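Trainee: Below you'll find the structure I mean.
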Amino acid sequence: MKMSVRAALLVSTALLLGGCSVSSEIGKSCKLVRKATPEELAAGSEKTVDLLEGEIADQQDFISFGSPLCEDLICVRDQDFPRARNPDGSLAVDAVAFGYCSKPCVSGASNACEVTDTSDVEPNLPGRMSCRSLLLDQETLNALRAADETFYRNTFGENNSPFFCAGALTAGQGG
């Protein structure tokens with residue numbers, strides 16, 4: 001009798017949890033950051049420093065590891081993400097650069113990068129989110145790791161894949 005009660009409890013729990021929608025931070029706004037230099041740390045800076053719009057190249061993907069606003073600590077900006085602008089339309093070079101929370105993913109996995117909560121998400125992002133390679137391909141990552149393991153870990157942490165959730169490239173652009 002005890003086994004049937006446990007089995008019923010386990011089945012009930014599985015059914016209840018199976019019907020719940022799991023919220024994710026994918027797509028939520030985040031600040032792009034970089035690791036603080038030893039000088040900045042000595043001056044009392046946090047471990048990461050916010051990047052400014054003037055430090056980010058236009059029309060390029062950017063990935064930032066260590067973003068405290070994201071559950072996976074990964075913040076990305078794809079080349080189509082809106083940039084901070086001054087009232088005259090020029091780039092606001094001294095404004096903090098923003099992107100959106102991401103996570104590593106497996107290419108080809110269905111719904112791997114679905115935006116489940118659209119509050120605080122750039123309006124056109126959910127419809128163009130995909131799992132794709134950002135900046136480097138697998139061979140380049142492998143070569144960098146083989147050439148200098150310490151540099152690789154300082155730059156990419158424990159990440160071993162080029163695939164992340166990011167906005168799909170617009171037609172006619174390579175990646």
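Residue names in the structure tokens use chain letters A, B, ... in the order shown, residue numbers from 1 in each chain, and ligand numbers from 1 in the order shown.
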Would you pick out the contacts of segment 79-90 of chain A at 12 Å or less, using only C-alpha atoms, so that residues sharing its chain but fewer than 2 positions from it are not included, and give the list as an MDAnalysis selection string?
Mentor: chainID A and resid 27 29 52:63 76:77 92:100 121:125 128:129 134:135 166:171 173:175
Trainee: Any chance you could list, as a count of residues only, the residues in segment 9-163 of chain A that come up strand (DSSP E or B) when DSSP is run on the backbone?
Mentor: 34
Trainee: In terms of the shortest atom-to-atom distance over only C-alpha atoms, which of A:Ser67, A:Ser133, A:Thr150, A:Ser45 is closest to Lys28 of chain A?
Mentor: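 That would be A:Ser67, the residue with the smallest distance to Lys28 of chain A.
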Trainee: Could you pull the residues within 9 Å of Pro68 of chain A, counting only C-alpha atoms, minus those fewer than 6 positions along the same chain, as a VMD selection string?
Mentor: chain A and resid 30 to 31 48 74
Trainee: In segment 11-160 of chain A, what's helix (DSSP H, G or I) per DSSP? Answer as a VMD selection string?
Mentor: chain A and resid 11 to 18 38 to 42 53 to 55 126 to 128 138 to 147 149 to 156
